[in-house]
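**Q** So here's run.cif, just mmCIF, C-alpha atoms:
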data_coords
loop_
_atom_site.group_PDB
_atom_site.id
_atom_site.type_symbol
_atom_site.label_atom_id
_atom_site.label_comp_id
_atom_site.auth_asym_id
_atom_site.auth_seq_id
_atom_site.Cartn_x
_atom_site.Cartn_y
_atom_site.Cartn_z
ATOM 1 C CA MET P 1 153.304 101.473 105.545
ATOM 2 C CA PHE P 2 153.645 102.425 109.208
ATOM 3 C CA SER P 3 151.256 105.360 108.743
ATOM 4 C CA ARG P 4 148.525 102.965 107.608
ATOM 5 C CA TYR P 5 148.797 101.006 110.835
ATOM 6 C CA LYS P 6 148.786 104.224 112.829
ATOM 7 C CA ARG P 7 145.553 105.353 111.116
ATOM 8 C CA ALA P 8 143.996 101.937 111.770
ATOM 9 C CA VAL P 9 144.800 102.208 115.479
ATOM 10 C CA GLU P 10 143.436 105.769 115.626
ATOM 11 C CA ALA P 11 140.191 104.664 113.952
ATOM 12 C CA ALA P 12 139.868 101.681 116.280
ATOM 13 C CA ILE P 13 140.357 103.824 119.382
ATOM 14 C CA SER P 14 137.491 106.079 118.356
ATOM 15 C CA ARG P 15 135.170 103.020 118.167
ATOM 16 C CA LEU P 16 136.221 101.436 121.456
ATOM 17 C CA PRO P 17 134.470 101.805 124.807
ATOM 18 C CA VAL P 18 136.162 104.343 127.068
ATOM 19 C CA LYS P 19 136.076 103.835 130.829
ATOM 20 C CA ASN P 20 136.990 106.930 132.874
ATOM 21 C CA GLY P 21 139.005 108.298 129.960
ATOM 22 C CA VAL P 22 141.063 105.106 129.616
ATOM 23 C CA VAL P 23 141.261 102.591 126.764
ATOM 24 C CA ASP P 24 142.987 99.226 127.262
ATOM 25 C CA ILE P 25 145.656 98.053 124.842
ATOM 26 C CA ASP P 26 143.945 94.650 124.796
ATOM 27 C CA SER P 27 140.778 96.121 123.314
ATOM 28 C CA ILE P 28 142.846 97.826 120.598
ATOM 29 C CA TRP P 29 144.499 94.492 119.852
ATOM 30 C CA VAL P 30 141.146 92.702 119.585
ATOM 31 C CA GLU P 31 139.619 95.424 117.409
ATOM 32 C CA THR P 32 142.519 95.755 114.947
ATOM 33 C CA SER P 33 143.992 92.228 114.909
ATOM 34 C CA LEU P 34 147.432 93.797 114.558
ATOM 35 C CA PRO P 35 150.418 92.146 116.225
ATOM 36 C CA TYR P 36 150.739 93.203 119.845
ATOM 37 C CA ASP P 37 154.343 94.389 119.388
ATOM 38 C CA LEU P 38 153.322 96.655 116.498
ATOM 39 C CA ILE P 39 150.549 98.231 118.582
ATOM 40 C CA GLN P 40 153.018 98.856 121.423
ATOM 41 C CA GLU P 41 155.426 100.518 119.000
ATOM 42 C CA ILE P 42 152.706 102.743 117.537
ATOM 43 C CA LEU P 43 151.524 103.809 120.994
ATOM 44 C CA SER P 44 155.044 104.434 122.315
ATOM 45 C CA ARG P 45 155.906 106.895 119.545
ATOM 46 C CA GLY P 46 153.633 109.545 121.031
ATOM 47 C CA ASP P 47 152.366 111.042 117.756
ATOM 48 C CA LEU P 48 148.999 109.289 117.924
ATOM 49 C CA VAL P 49 145.920 111.534 117.691
ATOM 50 C CA LEU P 50 143.477 110.496 120.420
ATOM 51 C CA PRO P 51 139.762 111.380 120.500
ATOM 52 C CA GLU P 52 138.634 114.009 123.020
ATOM 53 C CA ASN P 53 137.105 111.459 125.387
ATOM 54 C CA VAL P 54 140.332 109.416 125.655
ATOM 55 C CA GLU P 55 142.851 110.710 128.179
ATOM 56 C CA ARG P 56 145.276 107.792 128.136
ATOM 57 C CA ILE P 57 145.816 104.199 127.035
ATOM 58 C CA ASN P 58 146.429 101.478 129.592
ATOM 59 C CA MET P 59 149.534 99.624 128.408
ATOM 60 C CA LYS P 60 149.236 96.742 130.910
ATOM 61 C CA SER P 61 147.846 93.702 129.169
ATOM 62 C CA ALA P 62 145.785 90.971 130.765
ATOM 63 C CA ILE P 63 146.127 88.849 127.633
ATOM 64 C CA GLN P 64 149.923 88.930 127.341
ATOM 65 C CA THR P 65 150.429 88.113 131.015
ATOM 66 C CA GLY P 66 147.979 85.247 131.078
ATOM 67 C CA GLY P 67 145.026 87.151 132.489
ATOM 68 C CA SER P 68 145.211 85.803 136.042
ATOM 69 C CA GLY P 69 148.066 87.922 137.297
ATOM 70 C CA GLY P 70 150.693 85.333 136.416
ATOM 71 C CA LYS P 71 149.436 82.707 138.825
ATOM 72 C CA LYS P 72 149.678 79.110 137.700
ATOM 73 C CA ALA P 73 146.617 76.929 137.792
ATOM 74 C CA LYS P 74 146.604 74.216 140.431
ATOM 75 C CA LYS P 75 146.677 70.616 139.270
ATOM 76 C CA ARG P 76 143.702 68.536 140.229
ATOM 77 C CA ARG P 77 144.404 65.407 142.194
ATOM 78 C CA ARG P 78 142.960 62.246 140.819
ATOM 79 C CA ASN P 79 141.141 60.017 143.239
ATOM 80 C CA LYS P 80 142.642 56.612 143.758
ATOM 81 C CA VAL P 81 140.532 53.748 142.544
ATOM 82 C CA ARG P 82 139.625 51.382 145.331
ATOM 83 C CA HIS P 83 138.970 47.733 144.515
#
What would you get if you wrote out this structure as structure tokens?

**A**
Amino acid sequence: MFSRYKRAVEAAISRLPVKNGVVDIDSIWVETSLPYDLIQEILSRGDLVLPENVERINMKSAIQTGGSGGKKAKKRRRNKVRH
């Protein structure tokens, strides 16, 4: 069963855009719709066959961290109603 997921990730990587030899883990997640933890496990094993144009996979996720670097959004103040 695990080998099927591995093949799906390998096929997805070959279809993804590569920027300076790097593929983001978020784009793999979007392309495959596999659980993020499963993708991390597949990539951490080290037996993944990467295409020639892919040098590495960026494991830092913008989706899992909230996308804005972990900063909380500021609350908007409501204007007081004057009568």

**Q** Please report the interatomic distance between CA of Met1 (chain P) and CA of Ser61 (chain P) in Å with one decimal.

**A**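 Interatomic distance here is 25.5 Å.
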
**Q** At what distance in Å, to one decimal, does CA of Gly21 (chain P) lie from CA of Arg4 (chain P)?

**A**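 That distance, rounded to one decimal, is 24.9 Å.
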
**Q** Rounded to one decimal, what separation in Å do you get between CA of Ala62 (chain P) and CA of Ser3 (chain P)?

**A**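 Atom-to-atom, CA of Ala62 (chain P) to CA of Ser3 (chain P), that is 26.9 Å.
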
**Q** Starting from the shown file, work through the PyMOL selection byres ((chain P and resi 36) around 12) and note down what comes out as a list of chain:residue names.

**A**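 For this structure, the PyMOL selection byres ((chain P and resi 36) around 12) captures P:Val9, P:Ile25, P:Asp26, P:Ser27, P:Ile28, P:Trp29, P:Val30, P:Glu31, P:Thr32, P:Ser33, P:Leu34, P:Pro35, P:Asp37, P:Leu38, P:Ile39, P:Gln40, P:Glu41, P:Ile42, P:Leu43, P:Met59, P:Lys60, P:Ser61, P:Ile63, P:Gln64.
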
**Q** Just checking: using all atoms listed in the file, which residue out of P:Leu16, P:Phe2, P:Val22, P:Ala11 ends up closest to Val49 (chain P)?

**A**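 Counting all atoms listed in the file, the residue closest to Val49 (chain P) is P:Ala11.
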
**Q** Counting all atoms listed in the file, which residue out of P:Val18, P:Leu48, P:Lys74, P:Glu55 sits closest to Tyr5 (chain P)?

**A**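 Of P:Val18, P:Leu48, P:Lys74, P:Glu55, the one nearest Tyr5 (chain P), counting all atoms listed in the file, is P:Leu48.
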
**Q** Taking all atoms listed in the file into account, which of P:Glu52, P:Lys19, P:Asp47, P:Asp24 comes nearest Lys6 (chain P)?

**A**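 Once distances to Lys6 (chain P) are computed over all atoms listed in the file, the minimum belongs to P:Asp47.
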
**Q** Could you tell me which of P:Arg82, P:Lys75, P:Asn20, P:Glu10 comes closest to Arg56 (chain P) if we count all atoms listed in the file?

**A**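 Looking only at the distances to Arg56 (chain P), the closest residue turns out to be P:Asn20.
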
**Q** Name the closest residue to Val54 (chain P) among the candidates P:Arg7, P:Val81, P:Val23, P:Ala12; distances are taken between atoms, counting all atoms listed in the file.

**A**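 Among the listed residues, P:Val23 lies closest to Val54 (chain P).
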